[in-house]
Amino acid sequence: MSENGHDHEHGNGAAGTLTKADFQSGQETRWCPGCGDYAILASVQALMPELGIPPEKTVFISGIGCAGRFVYYMDTYGMHGIHGRAPALATGIATAREDLSVWVVSGDGDSLSIGGNHLIHSLRRNVPIKLLLFNNQIYGLTKGQYSPTSETGKITKSTPFGSEDHPFNPLALALGADASFVARTIDVEKVHLTEVLRKAAEHEGSAFVEIYQNCNVFNDGAFDAVRGKGGGPNQIRLEHGQPLRFGAENERGVVRSADGGLEVVEVADVGADAIVVHDAHIEDPSHATALARLADAPTGPTPIGVFRDVKRPVYGAARQHELLEAHANATLGDLDELLRSGDTWTV
Amino acid sequence: MTTTSKKLETVIVRFAGDSGDGMQLVGDRFTAATAHVGNDLSTLPDFPAEIRAPAGTPGGVSAFQIHFASRDILTPGDHPNTLVAMNPAALKAHLDALEAGGTLLVNEDAFTPANLRKAGYEANPLEDGTVEDYQTFEVPMTTLTTRATDDIEGLKPAEAQRTKNLFALGLISWMYGRPGKATISWLEAKFASKPAIKEANVAAFKAGYNFGDTAEIAATPIEVGPAPLDAGEYRNINGANATAMGLLAASVKSGLQLFFATYPITPASELLHHLARHNRFGVRTVQAEDEIAAVNMALGASFGGKLGVTATSGPGMDLKAETIALAQVLELPLVVIDVQRAGPSTGLPTKTEQSDLLMAIHGRHGESPLPVIAASTPSGCFDAAVEAARIAVRHRTPVILLSDTFLTNSSEPWRLPSMDDLPEIDPDFAIGPNAGDEFLPYLRDERGARPWAIPGTPGLQHRLGGLEKEHGSGKVSYDPANHALMTKLRAEKLEKLAEELPPLVVDADEGAELLVLGWGSTSGVIGAAARRIRGRGLPIAIAHLRNLEPMPLNTGDVVRSFDKVLIPELNTGQLLSLVRDKFLVDAIGHNKVEGLPILAEELEQAILELIE
Ligand code: SF4
């Protein structure tokens with residue numbers, strides 16, 4: 001029963017019978033051929049029926065940028081808002097309607113530049129929304145300017161002599177905002193991406209997922225060190241409760257460094273017991289932050305998977321229950337009474 | 001004991017003191033007592049932008065004016081008959097406003113050399129003839145207050161002195177025959193947890209009252225009897241509270257939960273403070289991270305089927321503009337309240353102005369017309385808020401509701417409406433296909449409004465967005481002809497709304513050649529000035545616009561049917577340029593941008609110059 005008085009059963013039959021087609025809008029996709037966005041869309045459309053949430057209870061919100069078009073391709077409720085403001089729109093809808101599953105699709109320019117404020121505040125509040133940050137380290141839709149995740153010295157049309165900016169580490173930023181769920185995955189890693197998004201969907205509260213997304217037109221190969229053919233050995237796959245080992249032969253690992261952070265070593269040099277065991281549920285974000293800092297740029301060994309997954313009070317949830325009940329019970333008579341409370345007089 | 005008293009029809013009192021002197025509290029309490037007497041009343045609080053402005057300086061003076069009468073009144077009044085000045089700075093800042101020969105009540109204890117210096121007086125104005133044309137009462141309020149609170153146990157001297165505002169209130173209450181009972185019980189409730197402070201306040205109030213009563217002051221008490229108001233139940237209300245009540249009423253009436261997201265800004269924050277208290281009506285308030293977030297949250301909530309509302313003042317409107325244009329293209333209900341203040345930029349943040357009218361109508365990129373309505377009295381904010389919500393929901397559009405600093409802070413008696421009499425607001429959610437077995441989110445009804453299908457409704461999934469929509473299907477469309485059509489259809493929504501609006505009402509005397517046309521908070525002063533003109537036996541016509549965009553259909557005919565049209569505004573001529581632009585009428589402006597309302601005598605003068 002939705003709070004708006006309409007009794008909705010699942011329109012598309014029981015959740016179990018949902019298929020990928022139920023989430024495909026049929027609108028023609030208009031990204032460049034070869035864009036990483038296609039792979040993400042296909043994986044998300046395939047995952048949705050498995051979550052058991054019918055399309056009418058699912059809402060996708062986006063901002064501006066190539067990623068923003070995502071919502072048009074999902075046969076759910078959707079809103080393509082304005083640049084950078086998707087987390088704020090999503091906060092409105094998720095706070096008002098906790099019966100819905102609300103997803104935000106955004107890019108590095110949208111979320112980390114013009115919309116940085118909304119991103120950090122939605123994470124701080126722990127609004128129940130799933131934020132997917134398609135990070136391609138470039139402005140695609142405006143044709144190739146450097147972005148807040150582009151590497152210093154990046155040569156683009158707007159920075160012919162190289163960018164002076166120091167880039168954001170998106171995960172460290174999210175952790176700094178005390179995000180309760182922080183993860184990273186890669187556009188073409190279908191299985192990994194699906195698993196990470198499933199965990200994000202199951203998380204109560206905000207879930208922030210950075211997705212390395214190749215922009216083959218303006219920034220091709222930005223993630224080659226960890227993505228596609230040959231990228232595997234550099235992927236440090238985070239598994240809760242498992243030692244942080246990686247490499248073609250699992251020959252490398254992560255240990256505590258002398259300065260209190262983490263560093264990459266050869267397992268043979270330190271012994272298997274010295275390798276740090278991953279724990280995504282530690283309240284203190286230090287471990288997750290150290291992992292995020294292990295690779296400020298995706299040029300060498302880089303962790304992917306769930307960095308942090310902790311419980312925090314979810315914004316709005318408890319309050320909205322009470323308020324809805326109050327709203328449902330409020331009558332015009334109550335209002336008459338409110339107007340007449342306090343000092344009144346009769347003429 | 002004083003036995004004689006003088007009867008007056010109307011009185012204006014102004015309390016002025018340091019911003020830490022509690023003048024607003026005194027004003028509020030005097031207002032409450034005045035309401036009890038049954039007078040008609042109107043108030044004007046006036047305070048500095050700083051919370052604790054430099055003490056003792058004219059810049060730090062806080063004032064409260066009340067106009068009350070045994071007949072109906074329309075404004076807080078031009079010149080006070082009585083001025084209470086708690087220190088030299090208050091005298092310096094407000095003496096000019098006091099009517100010739102008016103009553104001046106000063107706290108003589110505060111006229112120390114140091115305070116005189118801070119106020120910028122070279123000599124003591126109580127001694128150098130500055131106040132000799134007024135009926136001046138020099139009362140040692142601090143001393144008398146200290147004496148009255150002498151034996152209260154646990155009271156610090158500084159706390160005792162701080163209650164001198166209640167002494168002043170007591171004295172003025174005696175002078176105007178205001179009953180003390182309500183004030184005393186209010187003090188008792190307010191300071192229930194601090195017995196010494198409570199006792200001191202009550203003692204100071206009583207001391208002030210008795211000071212007058214025992215003829216220690218050679219003033220004649222004044223009697224202002226009840227006003228013949230329409231029968232009904234009344235309360236006193238300011239614009240902020242009336243707006244909040246209007247939004248609550250719209251929420252209950254429509255069955256839509258009220259979702260109010262805002263970012264703190266003076267003077268709009270008052271609305272948040274009011275609404276945040278109303279859990280009982282299920283109001284969801286959010287204090288957003290910024291102005292842009294606030295309007296986006298409200299819009300997101302509207303998409304989810306709530307009554308999405310945001311409020312701000314001028315600078316915040318600039319920040320929200322892009323999202324308001326988005327709402328206009330999404331064609332979702334959204335109420336945006338702009339409590340105007342003197343700008344541009346931070347301007348005079350606690351002073352009033354009507355300078356956002358053109359921004360409300362035109363201040364967005366692209367062709368993005370939307371309804372704009374303006375409240376014209378403090379209690380009228382209630383109806384204006386209901387109306388804004390009704391239009392937003394019924395016509396699926398963002399609506400801008402203009403209020404201002406004066407309306408928000410000023411209060412007046414309000415004859416309480418019955419909620420049953422309010423207009424219906426039917427959200428009329430889409431619940432199924434509207435074109436065979438298809439759902440077309442941009443298929444319009446006879447009002448030009450599109451269906452509101454909210455998430456959770458099976459089979460009606462659709463995508464909204466800022467990219468141009470194809471007529472009917474709502475799919476993204478780059479087709480030039482479609483863009484032209486959609487631009488026209490969005491504009492036509494306003495034309496259809498105009499057809500539903502009640503005509504502009506003109507209050508015209510036979511033979512009137514001058515029309516005074518107003519909008520917003522000038523309604524009171526226009527009525528008061530017209531009354532003065534009529535009192536001189538001269539004919540005049542007045543009319544007031546509540547709907548500024550679109551305007552009532554007869555507006556053009558009205559303005560064209562008078563020889564002269566005068567438009568008084570607290571800006572440099574914004575409605576004036578709209579009227580000239582729309583109707584090719586050579587209207588004349590009467591404009592003031594001093595952060596304060598237009599006075600009735602100023603407008604009377606402007607009118608006389610045109611008709612004599
Ligand atoms: S510009 Fe880059 S990110 Fe945008 S659609 Fe093309 S390949 Fe994808």
# chains A, B, ... in the order shown; residues from 1 in each chain; ligands from 1
call {"tool": "residues_around", "arguments": {"residues": "Ala528 in chain B", "least_positions_apart": "6", "cutoff": "9 Å", "atoms": "only C-alpha atoms", "output": "list of chain:residue names"}}
result
B:Ile73, B:Leu74, B:Thr75, B:Ala600, B:Glu601, B:Glu604
call {"tool": "residues_near_ligand", "arguments": {"ligand": "ligand 1", "cutoff": "9 Å", "atoms": "only C-alpha atoms and all ligand atoms", "output": "ChimeraX atom specification"}}
result
/A:30-38,65-67,107,134,136,138-144,213-220
call {"tool": "write_last_selection", "arguments": {"atoms": "N, CA, C and O atoms", "output": "compact mmCIF listing (two decimals), in the first residue's frame"}}
result
# COMPACT_ATOMS: atom_id res chain seq x y z
N ARG A 30 21.79 6.58 -27.13
CA ARG A 30 22.51 7.52 -27.99
C ARG A 30 23.90 7.85 -27.50
O ARG A 30 24.38 8.95 -27.70
N TRP A 31 24.52 6.90 -26.80
CA TRP A 31 25.93 7.13 -26.46
C TRP A 31 26.80 6.79 -27.67
O TRP A 31 26.36 6.08 -28.58
N CYS A 32 28.05 7.23 -27.65
CA CYS A 32 28.96 6.88 -28.75
C CYS A 32 29.16 5.37 -28.78
O CYS A 32 29.22 4.72 -27.72
N PRO A 33 29.30 4.82 -29.96
CA PRO A 33 29.59 3.39 -30.03
C PRO A 33 30.87 3.10 -29.25
O PRO A 33 31.83 3.85 -29.33
N GLY A 34 30.83 2.04 -28.46
CA GLY A 34 32.03 1.66 -27.71
C GLY A 34 32.13 2.30 -26.34
O GLY A 34 33.02 1.98 -25.56
N CYS A 35 31.20 3.18 -26.01
CA CYS A 35 31.21 3.85 -24.71
C CYS A 35 30.96 2.84 -23.59
O CYS A 35 30.14 1.93 -23.73
N GLY A 36 31.67 3.03 -22.48
CA GLY A 36 31.50 2.13 -21.34
C GLY A 36 30.10 2.16 -20.75
O GLY A 36 29.69 1.23 -20.05
N ASP A 37 29.34 3.20 -21.05
CA ASP A 37 28.00 3.31 -20.48
C ASP A 37 27.09 2.16 -20.92
O ASP A 37 26.20 1.74 -20.17
N TYR A 38 27.32 1.65 -22.14
CA TYR A 38 26.47 0.55 -22.62
C TYR A 38 26.57 -0.67 -21.72
O TYR A 38 25.57 -1.30 -21.38
N GLY A 65 25.28 15.39 -18.30
CA GLY A 65 26.50 14.71 -18.72
C GLY A 65 26.08 13.48 -19.49
O GLY A 65 24.89 13.14 -19.53
N CYS A 66 27.05 12.78 -20.08
CA CYS A 66 26.67 11.59 -20.85
C CYS A 66 25.90 10.61 -19.97
O CYS A 66 24.90 10.03 -20.38
N ALA A 67 26.35 10.43 -18.72
CA ALA A 67 25.70 9.48 -17.82
C ALA A 67 24.25 9.86 -17.57
O ALA A 67 23.41 8.99 -17.30
N GLY A 107 28.03 11.64 -13.21
CA GLY A 107 29.41 11.55 -13.69
C GLY A 107 30.36 12.34 -12.81
O GLY A 107 29.95 12.96 -11.83
N PHE A 134 29.70 7.49 -12.54
CA PHE A 134 30.41 7.00 -13.73
C PHE A 134 31.63 7.91 -13.90
O PHE A 134 31.54 9.02 -14.39
N ASN A 136 34.82 8.87 -15.71
CA ASN A 136 35.64 8.68 -16.91
C ASN A 136 36.77 9.71 -16.98
O ASN A 136 37.46 9.83 -17.96
N ILE A 138 36.87 12.82 -17.42
CA ILE A 138 36.83 13.80 -18.53
C ILE A 138 35.41 14.35 -18.64
O ILE A 138 34.47 13.72 -18.15
N TYR A 139 35.25 15.53 -19.24
CA TYR A 139 33.91 16.00 -19.61
C TYR A 139 33.62 15.49 -21.02
O TYR A 139 34.29 15.89 -21.98
N GLY A 140 32.68 14.57 -21.13
CA GLY A 140 32.35 13.99 -22.43
C GLY A 140 31.37 14.85 -23.22
O GLY A 140 31.64 15.29 -24.34
N LEU A 141 30.22 15.13 -22.57
CA LEU A 141 29.13 15.78 -23.31
C LEU A 141 29.50 17.17 -23.81
O LEU A 141 29.00 17.63 -24.83
N THR A 142 30.40 17.85 -23.08
CA THR A 142 30.81 19.18 -23.55
C THR A 142 32.07 19.09 -24.40
O THR A 142 32.74 20.09 -24.64
N LYS A 143 32.42 17.88 -24.76
CA LYS A 143 33.47 17.59 -25.76
C LYS A 143 34.89 17.76 -25.27
O LYS A 143 35.72 18.40 -25.92
N GLY A 144 35.16 17.17 -24.13
CA GLY A 144 36.56 16.91 -23.82
C GLY A 144 37.35 17.86 -22.96
O GLY A 144 38.56 17.95 -23.11
N GLN A 213 34.63 4.14 -15.91
CA GLN A 213 33.90 4.05 -17.17
C GLN A 213 34.74 4.64 -18.28
O GLN A 213 35.15 5.79 -18.23
N ASN A 214 35.01 3.83 -19.26
CA ASN A 214 35.88 4.30 -20.34
C ASN A 214 35.11 5.21 -21.30
O ASN A 214 34.05 4.86 -21.79
N CYS A 215 35.66 6.40 -21.51
CA CYS A 215 35.13 7.29 -22.55
C CYS A 215 36.07 7.12 -23.73
O CYS A 215 37.16 7.69 -23.75
N ASN A 216 35.64 6.29 -24.67
CA ASN A 216 36.56 5.93 -25.76
C ASN A 216 36.76 7.07 -26.74
O ASN A 216 37.63 7.03 -27.58
N VAL A 217 35.97 8.12 -26.63
CA VAL A 217 36.12 9.24 -27.57
C VAL A 217 37.09 10.29 -27.03
O VAL A 217 37.97 10.76 -27.75
N PHE A 218 36.96 10.65 -25.76
CA PHE A 218 37.77 11.76 -25.24
C PHE A 218 38.85 11.36 -24.24
O PHE A 218 39.68 12.18 -23.88
N ASN A 219 38.80 10.12 -23.76
CA ASN A 219 39.78 9.75 -22.73
C ASN A 219 40.02 8.25 -22.77
O ASN A 219 40.04 7.59 -21.73
N ASP A 220 40.19 7.74 -23.98
CA ASP A 220 40.28 6.29 -24.15
C ASP A 220 41.48 5.73 -23.39
O ASP A 220 42.56 6.32 -23.39
call {"tool": "closest_residue", "arguments": {"among": "B:Lys564, B:Lys253, B:Arg536, B:His471", "to": "Pro427 in chain B", "atoms": "only C-alpha atoms"}}
result
B:Lys253
call {"tool": "closest_atom_pairs", "arguments": {"of": "chain B", "to": "chain A", "cutoff": "6 Å", "atoms": "only C-alpha atoms", "output": "CSV"}}
result
residue,atom,partner,partner_atom,distance
B:Ala231,CA,A:Val347,CA,4.8
B:Gly232,CA,A:Val347,CA,5.4
B:Glu233,CA,A:Thr346,CA,4.3
B:Tyr234,CA,A:Trp345,CA,5.2
B:Arg235,CA,A:Thr344,CA,4.5
B:Arg280,CA,A:Ala326,CA,5.5
B:Phe281,CA,A:His327,CA,4.9
B:Gly282,CA,A:Leu323,CA,4.0
B:Ala293,CA,A:Ala88,CA,5.1
B:Asn296,CA,A:Leu89,CA,4.7
B:Met297,CA,A:Gly92,CA,3.8
B:Ala298,CA,A:Gly92,CA,5.9
B:Gly300,CA,A:Leu89,CA,4.4
B:Ala301,CA,A:Ile93,CA,4.5
B:Gly304,CA,A:Ile93,CA,5.5
B:Met419,CA,A:Leu332,CA,5.8
B:Pro455,CA,A:Glu56,CA,5.8
B:Gly456,CA,A:Lys57,CA,4.8
B:Thr457,CA,A:Glu56,CA,6.0
B:Pro458,CA,A:Gly11,CA,4.7
B:Gln461,CA,A:Tyr77,CA,4.7
B:His462,CA,A:Tyr77,CA,5.1
B:Arg463,CA,A:Gly78,CA,4.4
B:Leu464,CA,A:Met79,CA,4.7
B:Gly465,CA,A:His80,CA,4.1
call {"tool": "select_by_dssp", "arguments": {"residues": "range 453-524 of chain B", "states": "strand (DSSP E or B)", "output": "PyMOL selection string"}}
result
chain B and resi 463-465+469+472+476+506-508+514-519
call {"tool": "write_last_selection", "arguments": {"atoms": "all heavy atoms", "output": "mmCIF file, in the first residue's frame"}}
result
data_model
loop_
_atom_site.group_PDB
_atom_site.id
_atom_site.type_symbol
_atom_site.label_atom_id
_atom_site.label_comp_id
_atom_site.auth_asym_id
_atom_site.auth_seq_id
_atom_site.Cartn_x
_atom_site.Cartn_y
_atom_site.Cartn_z
ATOM 1 N N ARG B 463 9.675 8.875 -17.952
ATOM 2 C CA ARG B 463 10.863 9.645 -17.651
ATOM 3 C C ARG B 463 10.596 11.111 -17.933
ATOM 4 O O ARG B 463 10.157 11.465 -19.032
ATOM 5 C CB ARG B 463 12.045 9.188 -18.519
ATOM 6 C CG ARG B 463 12.854 8.047 -17.960
ATOM 7 C CD ARG B 463 12.118 6.720 -17.793
ATOM 8 N NE ARG B 463 11.512 6.217 -19.030
ATOM 9 C CZ ARG B 463 10.594 5.272 -19.096
ATOM 10 N NH1 ARG B 463 10.123 4.703 -17.991
ATOM 11 N NH2 ARG B 463 10.089 4.891 -20.255
ATOM 12 N N LEU B 464 10.852 11.914 -16.902
ATOM 13 C CA LEU B 464 10.768 13.361 -17.090
ATOM 14 C C LEU B 464 12.188 13.894 -17.236
ATOM 15 O O LEU B 464 13.137 13.222 -16.858
ATOM 16 C CB LEU B 464 10.125 14.016 -15.865
ATOM 17 C CG LEU B 464 8.700 13.603 -15.550
ATOM 18 C CD1 LEU B 464 8.251 14.254 -14.255
ATOM 19 C CD2 LEU B 464 7.767 13.973 -16.693
ATOM 20 N N GLY B 465 12.309 15.109 -17.726
ATOM 21 C CA GLY B 465 13.649 15.668 -17.803
ATOM 22 C C GLY B 465 13.653 17.040 -18.413
ATOM 23 O O GLY B 465 12.649 17.510 -18.948
ATOM 24 N N LYS B 469 10.447 18.062 -24.517
ATOM 25 C CA LYS B 469 9.574 16.892 -24.546
ATOM 26 C C LYS B 469 8.760 16.867 -25.826
ATOM 27 O O LYS B 469 8.306 17.921 -26.302
ATOM 28 C CB LYS B 469 8.591 16.969 -23.364
ATOM 29 C CG LYS B 469 9.270 16.960 -22.024
ATOM 30 C CD LYS B 469 9.633 15.560 -21.655
ATOM 31 C CE LYS B 469 10.746 15.501 -20.661
ATOM 32 N NZ LYS B 469 12.058 15.836 -21.176
ATOM 33 N N GLY B 472 2.637 15.209 -26.044
ATOM 34 C CA GLY B 472 1.917 13.958 -25.828
ATOM 35 C C GLY B 472 2.772 12.896 -25.175
ATOM 36 O O GLY B 472 2.643 12.617 -23.988
ATOM 37 N N VAL B 476 12.050 12.510 -25.345
ATOM 38 C CA VAL B 476 12.982 13.568 -25.720
ATOM 39 C C VAL B 476 12.782 13.886 -27.199
ATOM 40 O O VAL B 476 12.675 12.981 -28.028
ATOM 41 C CB VAL B 476 14.436 13.104 -25.479
ATOM 42 C CG1 VAL B 476 15.420 14.136 -26.000
ATOM 43 C CG2 VAL B 476 14.654 12.843 -23.996
ATOM 44 N N VAL B 506 -12.589 46.949 -8.912
ATOM 45 C CA VAL B 506 -12.233 48.365 -8.784
ATOM 46 C C VAL B 506 -13.195 49.024 -7.803
ATOM 47 O O VAL B 506 -14.411 48.867 -7.911
ATOM 48 C CB VAL B 506 -12.328 49.087 -10.147
ATOM 49 C CG1 VAL B 506 -11.793 50.504 -10.018
ATOM 50 C CG2 VAL B 506 -11.577 48.318 -11.202
ATOM 51 N N ASP B 507 -12.627 49.716 -6.851
ATOM 52 C CA ASP B 507 -13.426 50.470 -5.885
ATOM 53 C C ASP B 507 -13.349 51.934 -6.331
ATOM 54 O O ASP B 507 -12.393 52.639 -6.036
ATOM 55 C CB ASP B 507 -12.809 50.249 -4.495
ATOM 56 C CG ASP B 507 -13.384 51.187 -3.453
ATOM 57 O OD1 ASP B 507 -14.419 51.840 -3.734
ATOM 58 O OD2 ASP B 507 -12.789 51.273 -2.356
ATOM 59 N N ALA B 508 -14.353 52.355 -7.117
ATOM 60 C CA ALA B 508 -14.268 53.667 -7.755
ATOM 61 C C ALA B 508 -15.406 54.566 -7.308
ATOM 62 O O ALA B 508 -16.547 54.136 -7.184
ATOM 63 C CB ALA B 508 -14.307 53.505 -9.272
ATOM 64 N N LEU B 514 -8.739 59.247 -11.585
ATOM 65 C CA LEU B 514 -7.457 58.630 -11.242
ATOM 66 C C LEU B 514 -7.689 57.246 -10.632
ATOM 67 O O LEU B 514 -8.475 57.096 -9.700
ATOM 68 C CB LEU B 514 -6.697 59.499 -10.235
ATOM 69 C CG LEU B 514 -5.417 58.856 -9.687
ATOM 70 C CD1 LEU B 514 -4.300 58.863 -10.712
ATOM 71 C CD2 LEU B 514 -4.959 59.549 -8.415
ATOM 72 N N LEU B 515 -6.954 56.277 -11.184
ATOM 73 C CA LEU B 515 -6.958 54.938 -10.596
ATOM 74 C C LEU B 515 -5.610 54.729 -9.904
ATOM 75 O O LEU B 515 -4.561 54.958 -10.504
ATOM 76 C CB LEU B 515 -7.122 53.872 -11.692
ATOM 77 C CG LEU B 515 -6.875 52.422 -11.243
ATOM 78 C CD1 LEU B 515 -8.027 51.913 -10.371
ATOM 79 C CD2 LEU B 515 -6.682 51.500 -12.439
ATOM 80 N N VAL B 516 -5.655 54.305 -8.637
ATOM 81 C CA VAL B 516 -4.426 53.899 -7.971
ATOM 82 C C VAL B 516 -4.398 52.379 -8.004
ATOM 83 O O VAL B 516 -5.264 51.719 -7.434
ATOM 84 C CB VAL B 516 -4.359 54.408 -6.520
ATOM 85 C CG1 VAL B 516 -3.019 54.028 -5.890
ATOM 86 C CG2 VAL B 516 -4.556 55.917 -6.478
ATOM 87 N N LEU B 517 -3.412 51.851 -8.719
ATOM 88 C CA LEU B 517 -3.318 50.404 -8.899
ATOM 89 C C LEU B 517 -2.130 49.892 -8.102
ATOM 90 O O LEU B 517 -1.021 50.427 -8.230
ATOM 91 C CB LEU B 517 -3.141 50.080 -10.395
ATOM 92 C CG LEU B 517 -2.963 48.594 -10.736
ATOM 93 C CD1 LEU B 517 -4.254 47.823 -10.484
ATOM 94 C CD2 LEU B 517 -2.513 48.430 -12.187
ATOM 95 N N GLY B 518 -2.351 48.866 -7.306
ATOM 96 C CA GLY B 518 -1.261 48.333 -6.498
ATOM 97 C C GLY B 518 -1.166 46.828 -6.581
ATOM 98 O O GLY B 518 -1.983 46.167 -7.223
ATOM 99 N N TRP B 519 -0.147 46.319 -5.915
ATOM 100 C CA TRP B 519 0.015 44.865 -5.750
ATOM 101 C C TRP B 519 0.778 44.658 -4.453
ATOM 102 O O TRP B 519 1.522 45.539 -4.006
ATOM 103 C CB TRP B 519 0.762 44.255 -6.935
ATOM 104 C CG TRP B 519 2.227 44.628 -7.004
ATOM 105 C CD1 TRP B 519 2.754 45.769 -7.527
ATOM 106 C CD2 TRP B 519 3.341 43.855 -6.511
ATOM 107 N NE1 TRP B 519 4.120 45.762 -7.407
ATOM 108 C CE2 TRP B 519 4.514 44.596 -6.794
ATOM 109 C CE3 TRP B 519 3.456 42.606 -5.877
ATOM 110 C CZ2 TRP B 519 5.789 44.132 -6.457
ATOM 111 C CZ3 TRP B 519 4.724 42.143 -5.532
ATOM 112 C CH2 TRP B 519 5.870 42.909 -5.826
#
call {"tool": "residues_around", "arguments": {"residues": "Pro423 in chain B", "least_positions_apart": "3", "cutoff": "10 Å", "atoms": "only C-alpha atoms", "output": "list in words"}}
result
Ala250, Lys253, Ser254, Val386, Glu387, Arg390, Met419, Asp420 and Asp426 of chain B
call {"tool": "select_by_dssp", "arguments": {"residues": "range 132-344 of chain A", "states": "alpha helix (DSSP H)", "output": "count of residues only"}}
result
54
call {"tool": "residues_around", "arguments": {"residues": "Pro441 in chain B", "least_positions_apart": "6", "cutoff": "8 Å", "atoms": "only C-alpha atoms", "output": "number ranges by chain"}}
result
B: 450-453, 462, 472-474
call {"tool": "residues_around", "arguments": {"residues": "Glu266 in chain A", "least_positions_apart": "5", "cutoff": "7 Å", "atoms": "only C-alpha atoms", "output": "list in words"}}
result
Glu251, Arg252 and Gly253 of chain A
call {"tool": "residues_around", "arguments": {"residues": "Leu105 in chain B", "least_positions_apart": "4", "cutoff": "10 Å", "atoms": "only C-alpha atoms", "output": "JSON, numbers by chain"}}
result
{"B": [15, 82, 83, 84, 85, 86, 91, 134, 135, 136, 137, 138, 139, 168, 171, 172]}
call {"tool": "write_last_selection", "arguments": {"atoms": "N, CA and C atoms", "output": "short mmCIF file (atom, residue, chain, number, x, y, z; two decimals), in the first residue's frame"}}
result
data_model
loop_
_atom_site.label_atom_id
_atom_site.label_comp_id
_atom_site.auth_asym_id
_atom_site.auth_seq_id
_atom_site.Cartn_x
_atom_site.Cartn_y
_atom_site.Cartn_z
N PHE B 15 7.67 51.81 20.17
CA PHE B 15 8.66 51.49 21.19
C PHE B 15 10.01 51.43 20.50
N THR B 82 2.80 58.55 20.21
CA THR B 82 3.62 58.35 21.41
C THR B 82 4.86 57.57 21.03
N LEU B 83 6.00 58.08 21.46
CA LEU B 83 7.27 57.38 21.24
C LEU B 83 7.88 57.05 22.59
N VAL B 84 8.24 55.77 22.75
CA VAL B 84 8.97 55.37 23.95
C VAL B 84 10.42 55.19 23.53
N ALA B 85 11.32 55.99 24.12
CA ALA B 85 12.74 55.89 23.76
C ALA B 85 13.50 55.42 24.99
N MET B 86 14.09 54.23 24.89
CA MET B 86 14.75 53.65 26.05
C MET B 86 16.16 54.17 26.25
N LEU B 91 16.18 57.67 20.73
CA LEU B 91 15.60 59.01 20.54
C LEU B 91 16.12 59.60 19.23
N TYR B 134 7.60 68.64 22.29
CA TYR B 134 6.82 67.43 22.54
C TYR B 134 6.39 67.41 24.00
N GLN B 135 5.34 66.60 24.24
CA GLN B 135 4.95 66.43 25.63
C GLN B 135 5.85 65.32 26.20
N THR B 136 6.89 65.77 26.86
CA THR B 136 7.94 64.82 27.23
C THR B 136 7.83 64.39 28.69
N PHE B 137 7.94 63.08 28.90
CA PHE B 137 7.97 62.55 30.26
C PHE B 137 9.29 61.86 30.46
N GLU B 138 10.09 62.42 31.35
CA GLU B 138 11.38 61.80 31.65
C GLU B 138 11.17 60.92 32.87
N VAL B 139 11.28 59.64 32.67
CA VAL B 139 11.01 58.70 33.76
C VAL B 139 12.29 57.91 34.04
N ALA B 168 8.38 49.90 31.07
CA ALA B 168 7.87 50.76 30.00
C ALA B 168 6.53 50.22 29.49
N LEU B 171 3.76 51.00 31.93
CA LEU B 171 3.36 52.41 31.89
C LEU B 171 2.50 52.72 30.67
N ILE B 172 2.92 52.21 29.53
CA ILE B 172 2.15 52.44 28.30
C ILE B 172 0.80 51.70 28.38
#
call {"tool": "residues_around", "arguments": {"residues": "Asp133 in chain B", "least_positions_apart": "6", "cutoff": "9 Å", "atoms": "only C-alpha atoms", "output": "mmCIF file with N, CA and C atoms, in the first residue's frame"}}
result
data_model
loop_
_atom_site.group_PDB
_atom_site.id
_atom_site.type_symbol
_atom_site.label_atom_id
_atom_site.label_comp_id
_atom_site.auth_asym_id
_atom_site.auth_seq_id
_atom_site.Cartn_x
_atom_site.Cartn_y
_atom_site.Cartn_z
ATOM 1 N N ALA B 100 4.101 66.131 15.511
ATOM 2 C CA ALA B 100 4.327 67.401 16.188
ATOM 3 C C ALA B 100 3.494 67.443 17.459
ATOM 4 N N GLY B 101 4.125 67.773 18.565
ATOM 5 C CA GLY B 101 3.414 67.844 19.840
ATOM 6 C C GLY B 101 3.092 66.487 20.450
ATOM 7 N N GLY B 102 3.653 65.453 19.887
ATOM 8 C CA GLY B 102 3.359 64.099 20.360
ATOM 9 C C GLY B 102 3.935 63.815 21.736
#
call {"tool": "atom_distance", "arguments": {"atom1": "CA of Pro344 in chain B", "atom2": "CA of Pro597 in chain B"}}
result
17.6 Å
call {"tool": "closest_residue", "arguments": {"among": "B:Thr220, B:Asn236, B:Asn571, B:Gln287", "to": "Leu416 in chain B", "atoms": "only C-alpha atoms"}}
result
B:Asn236
call {"tool": "atom_distance", "arguments": {"atom1": "CA of Tyr121 in chain B", "atom2": "CA of Glu99 in chain B"}}
result
21.3 Å
